[in-house]
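Data block below; observations after.
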Amino acid sequence: DEVIWITAWSRMAFGQVVIGPPGSGKTTYCHGMQEYLKAIKRKVAIVNLDPANDALPYDVAVDVSDLVHLEEVMEELKLGPNGGLVYCMDYIAKNLDWLQEKLSKYEQEGYYLLFDLPGQVELFTMHDSLKTILDTLTNKWSYRLTAVQLVDAHLCTDASKYISALLLSLSTMLHLEMPHVNVLSKVDLVRHYGKLDFNLDFYTEVQDLSYLVRTMGRGYFSQKYKKLSQGLSEVVEQYGLVSFTPLAIQEKESVQRVLALADKANGYVFASLSSQSPYPPEFVYGSATKASEDDMWGALQEKYIDSGVKVHERDQAHERTASTLKEGSGTVSREAA
């Protein structure tokens with residue numbers, strides 16, 4: 001029975017469903033994750049399920065544009081971008097036999113699958129076609145998938161935008177009903193957008209959000225709707241589902257951490273450990289992945305957040321100095337005249 005169980009696990013298809021708003025870095029993430037998986041000798045195949053994604057920087061195994069293409073749909077049916085994309089997803093949901101045929105080769109050969117999805121928020125928060133596709137993959141075809149949702153880390157520099165990102169993540173988790181990993185992407189670029197009010201771990205662990213609400217601006221809109229922001233924050237806290245892991249795609253440890261979380265959520269790590277130890281794989285995994293998380297958080301904080309604050313303060317000092325020199329030059333010129 002144990003041999004049969006291990007064999008069944010080895011034949012399962014594992015992977016990630018990469019989602020997130022436009023510009024959150026989904027395609028870049030797929031490319032970076034593909035390169036990392038190749039480096040650790042894991043067979044990987046990327047499935048592009050975005051019919052509008054023409055410029056693909058990665059090696060694509062299955063491209064849905066071969067089935068339906070957004071520009072052609074828009075031209076033939078006289079639809080806009082959003083309407084055309086909804087039509088495309090409906091079309092894919094009705095032609096899943098095409099997708100199954102394309103995936104069967106990679107499933108049989110034990111490839112780890114990365115699904116690159118469109119960025120339109122309504123598709124993974126309220127529309128049914130994408131959920132139908134994912135339900136078929138996970139329930140009918142028995143794929144073991146984790147939803148990896150990317151949220152641009154620069155939203156942390158604005159309290160109201162960060163709260164919106166929390167609500168989006170929570171709504172997506174409740175709608176898709178899949179194992180889920182939330183990722184703050186582009187952490188390395190945060191310093192270009194402003195200063196964080198708190199340390200990075202405040203935003204990744206979604207700590208007491210009442211502190212965040214207090215930092216909201218004193219403008220008319222912020223003051224008027226601060227009570228609403230407080231209420232929305234309480235909703236997020238009451239569910240207790242949302243947390244983030246930071247990602248700088250060029251940092252090996254960061255990519256490794258996201259992969260470890262995804263593999264734990266979809267069960268890949270337990271399948272790979274089941275044949276290597278007489279002990280339950282959950283115990284082996286737990287002891288092997290203990291610690292180092294705080295070290296990575298601290299390294300990202302120091303390298304990309306704190307150093308960014310110093311650069312920002314230095315630039316401001318230079319601007320003040322230049323302004324003073326300019327004013328002084330103007331005074332001297334007037335006195336000379």
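Starting from 1 in every chain, residues are counted up; chains themselves are A, B, ... following the order of the structure tokens, and ligands are numbered from 1 as listed.
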
Residues flagged helix (DSSP H, G or I) by DSSP in range 65-276 of chain A, as a VMD selection string: chain A and resid 65 to 66 70 to 77 81 to 94 96 to 108 121 to 125 128 to 140 153 to 157 159 to 176 187 to 192 200 to 204 210 to 214 220 to 224 226 to 239 252 to 266 268 to 273

Exercise: range 181-189 of chain A partners within 6 Å, only C-alpha atoms, chain neighbours under 6 positions left out, as a ChimeraX atom specification: /A:148-153,244-248,304

Exercise: range 101-109 of chain A partners within 9 Å, only C-alpha atoms, chain neighbours under 3 positions left out, as number ranges by chain: A: 11-14, 43-45, 47, 61-62, 96-98, 112-113, 143

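Distance annotation: of A:Gln250, A:Thr136, A:Gln238, A:Thr125, the residue with the minimal separation from Glu35 in chain A is A:Gln250; atom set is only C-alpha atoms.
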
A:Met33, A:Val121, A:Ala55, A:Leu200 ranked by distance to Ser171 in chain A, top pick (using only C-alpha atoms): A:Val121

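Every protein, DNA or RNA residue with an atom at most 8 Å from Val68 in chain A, where only C-alpha atoms count and chain neighbours fewer than 4 positions away do not, is listed here: Pro51, Val64, Glu72, Val73, Cys88, Tyr91 and Ile92 of chain A.
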
Let's have the selection written as a compact mmCIF listing (two decimals), in the first residue's frame, with C-alpha atoms.
```
# COMPACT_ATOMS: atom_id res chain seq x y z
CA PRO A 51 -4.52 35.71 -24.52
CA VAL A 64 -3.35 29.90 -25.13
CA GLU A 72 -8.57 38.99 -33.07
CA VAL A 73 -11.55 38.74 -30.72
CA CYS A 88 -11.51 34.80 -24.27
CA TYR A 91 -13.94 30.47 -24.69
CA ILE A 92 -11.08 28.74 -22.88
```

Distance in Å - CA of Asn199 in chain A versus CA of Val236 in chain A: 19.7 Å

In range 16-221 of chain A, DSSP strand (DSSP E) residues written as a PyMOL selection string: chain A and resi 16-19+44-48+60-63+112-116+144-152+180-185

Generate a file of the selected residues that holds N, CA, C and O atoms, formatted as a compact mmCIF listing (two decimals), in the first residue's frame.
```
# COMPACT_ATOMS: atom_id res chain seq x y z
N GLN A 16 2.00 26.16 -9.87
CA GLN A 16 1.55 27.44 -9.33
C GLN A 16 0.67 28.15 -10.36
O GLN A 16 0.93 28.10 -11.56
N VAL A 17 -0.35 28.82 -9.85
CA VAL A 17 -1.20 29.69 -10.65
C VAL A 17 -0.83 31.12 -10.27
O VAL A 17 -1.10 31.56 -9.16
N VAL A 18 -0.19 31.84 -11.18
CA VAL A 18 0.35 33.16 -10.88
C VAL A 18 -0.66 34.23 -11.27
O VAL A 18 -1.00 34.38 -12.45
N ILE A 19 -1.16 34.97 -10.26
CA ILE A 19 -2.19 35.98 -10.50
C ILE A 19 -1.75 37.30 -9.86
O ILE A 19 -0.78 37.36 -9.11
N VAL A 44 10.43 22.13 -15.49
CA VAL A 44 9.41 23.15 -15.36
C VAL A 44 8.85 23.52 -16.73
O VAL A 44 9.58 23.56 -17.72
N ALA A 45 7.56 23.77 -16.77
CA ALA A 45 6.89 24.20 -18.00
C ALA A 45 5.95 25.35 -17.67
O ALA A 45 5.19 25.28 -16.71
N ILE A 46 6.03 26.42 -18.46
CA ILE A 46 5.16 27.58 -18.26
C ILE A 46 3.99 27.50 -19.22
O ILE A 46 4.16 27.26 -20.42
N VAL A 47 2.80 27.73 -18.67
CA VAL A 47 1.56 27.73 -19.46
C VAL A 47 1.03 29.16 -19.47
O VAL A 47 0.62 29.68 -18.43
N ASN A 48 1.04 29.79 -20.63
CA ASN A 48 0.52 31.15 -20.74
C ASN A 48 -0.98 31.11 -20.98
O ASN A 48 -1.44 30.72 -22.05
N VAL A 60 7.92 29.26 -23.39
CA VAL A 60 6.55 28.86 -23.11
C VAL A 60 6.30 27.45 -23.65
O VAL A 60 6.67 27.12 -24.77
N ALA A 61 5.66 26.62 -22.83
CA ALA A 61 5.35 25.25 -23.23
C ALA A 61 3.97 25.18 -23.90
O ALA A 61 3.79 24.52 -24.91
N VAL A 62 3.01 25.88 -23.30
CA VAL A 62 1.65 25.93 -23.84
C VAL A 62 1.22 27.39 -23.88
O VAL A 62 1.30 28.09 -22.87
N ASP A 63 0.79 27.85 -25.05
CA ASP A 63 0.38 29.25 -25.22
C ASP A 63 -1.07 29.28 -25.67
O ASP A 63 -1.41 28.79 -26.75
N TYR A 112 6.88 20.48 -13.41
CA TYR A 112 6.28 21.44 -12.47
C TYR A 112 5.72 22.57 -13.33
O TYR A 112 6.42 23.17 -14.14
N LEU A 113 4.43 22.89 -13.15
CA LEU A 113 3.73 23.81 -14.05
C LEU A 113 3.57 25.19 -13.44
O LEU A 113 3.20 25.33 -12.27
N LEU A 114 3.83 26.22 -14.24
CA LEU A 114 3.59 27.61 -13.87
C LEU A 114 2.56 28.18 -14.82
O LEU A 114 2.80 28.26 -16.03
N PHE A 115 1.40 28.58 -14.29
CA PHE A 115 0.34 29.15 -15.11
C PHE A 115 0.38 30.67 -14.99
O PHE A 115 0.16 31.22 -13.92
N ASP A 116 0.66 31.34 -16.11
CA ASP A 116 0.72 32.81 -16.16
C ASP A 116 -0.65 33.32 -16.59
O ASP A 116 -1.07 33.10 -17.73
N ARG A 144 -2.29 19.57 -8.40
CA ARG A 144 -2.05 20.16 -7.08
C ARG A 144 -1.44 21.54 -7.29
O ARG A 144 -0.24 21.68 -7.54
N LEU A 145 -2.27 22.57 -7.21
CA LEU A 145 -1.85 23.93 -7.56
C LEU A 145 -1.97 24.89 -6.38
O LEU A 145 -2.87 24.76 -5.55
N THR A 146 -1.06 25.83 -6.34
CA THR A 146 -1.10 26.93 -5.37
C THR A 146 -1.30 28.24 -6.12
O THR A 146 -0.61 28.48 -7.12
N ALA A 147 -2.21 29.07 -5.66
CA ALA A 147 -2.37 30.41 -6.23
C ALA A 147 -1.31 31.32 -5.61
O ALA A 147 -1.25 31.47 -4.39
N VAL A 148 -0.46 31.89 -6.44
CA VAL A 148 0.56 32.84 -5.99
C VAL A 148 0.12 34.22 -6.46
O VAL A 148 0.17 34.51 -7.66
N GLN A 149 -0.35 35.04 -5.53
CA GLN A 149 -0.86 36.36 -5.88
C GLN A 149 0.20 37.42 -5.61
O GLN A 149 0.68 37.58 -4.49
N LEU A 150 0.55 38.16 -6.66
CA LEU A 150 1.55 39.22 -6.55
C LEU A 150 0.88 40.57 -6.33
O LEU A 150 -0.09 40.90 -7.01
N VAL A 151 1.39 41.32 -5.37
CA VAL A 151 0.94 42.69 -5.10
C VAL A 151 2.18 43.57 -5.09
O VAL A 151 3.15 43.26 -4.40
N ASP A 152 2.14 44.66 -5.85
CA ASP A 152 3.30 45.54 -5.95
C ASP A 152 3.61 46.17 -4.60
O ASP A 152 2.76 46.80 -3.97
N HIS A 180 -3.10 29.25 -1.07
CA HIS A 180 -2.81 30.62 -1.50
C HIS A 180 -1.54 31.14 -0.84
O HIS A 180 -1.32 30.96 0.35
N VAL A 181 -0.71 31.82 -1.64
CA VAL A 181 0.47 32.51 -1.13
C VAL A 181 0.43 33.94 -1.66
O VAL A 181 0.39 34.15 -2.88
N ASN A 182 0.40 34.91 -0.76
CA ASN A 182 0.42 36.32 -1.15
C ASN A 182 1.84 36.85 -1.13
O ASN A 182 2.57 36.62 -0.16
N VAL A 183 2.22 37.56 -2.17
CA VAL A 183 3.61 38.00 -2.33
C VAL A 183 3.65 39.51 -2.55
O VAL A 183 2.89 40.05 -3.38
N LEU A 184 4.52 40.18 -1.79
CA LEU A 184 4.82 41.60 -2.06
C LEU A 184 5.98 41.63 -3.06
O LEU A 184 7.13 41.40 -2.70
N SER A 185 5.65 41.88 -4.31
CA SER A 185 6.67 41.85 -5.35
C SER A 185 7.39 43.19 -5.46
O SER A 185 6.92 44.21 -4.96
```

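Between CA of Arg214 in chain A and CA of Tyr162 in chain A the separation is 13.5 Å.
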
All residues 12 Å or closer to Asp158 in chain A, only C-alpha atoms, same chain fewer than 5 positions away omitted, as an mmCIF file with C-alpha atoms, in the first residue's frame:
```cif
data_model
loop_
_atom_site.group_PDB
_atom_site.id
_atom_site.type_symbol
_atom_site.label_atom_id
_atom_site.label_comp_id
_atom_site.auth_asym_id
_atom_site.auth_seq_id
_atom_site.Cartn_x
_atom_site.Cartn_y
_atom_site.Cartn_z
ATOM 1 C CA ASP A 152 3.302 45.544 -5.953
ATOM 2 C CA ALA A 153 5.237 46.464 -2.796
ATOM 3 C CA ILE A 163 -5.566 48.582 2.627
ATOM 4 C CA SER A 164 -7.006 48.219 -0.897
ATOM 5 C CA ALA A 165 -4.369 45.589 -1.661
ATOM 6 C CA VAL A 190 10.121 50.406 -2.900
ATOM 7 C CA TYR A 193 8.345 55.486 -4.318
ATOM 8 C CA GLY A 194 8.820 56.951 -0.850
ATOM 9 C CA LYS A 195 9.399 56.067 2.769
ATOM 10 C CA LEU A 196 7.584 53.300 4.661
ATOM 11 C CA ASP A 197 5.909 54.330 7.923
ATOM 12 C CA PHE A 198 6.822 50.976 9.511
ATOM 13 C CA TYR A 203 3.314 44.938 6.086
ATOM 14 C CA LEU A 212 -1.624 52.252 9.809
ATOM 15 C CA VAL A 213 -4.945 54.111 9.752
ATOM 16 C CA THR A 215 -0.813 57.552 9.533
ATOM 17 C CA MET A 216 -3.330 58.445 6.837
ATOM 18 C CA GLY A 217 -3.083 62.033 5.579
ATOM 19 C CA SER A 222 -8.576 60.899 4.257
#
```
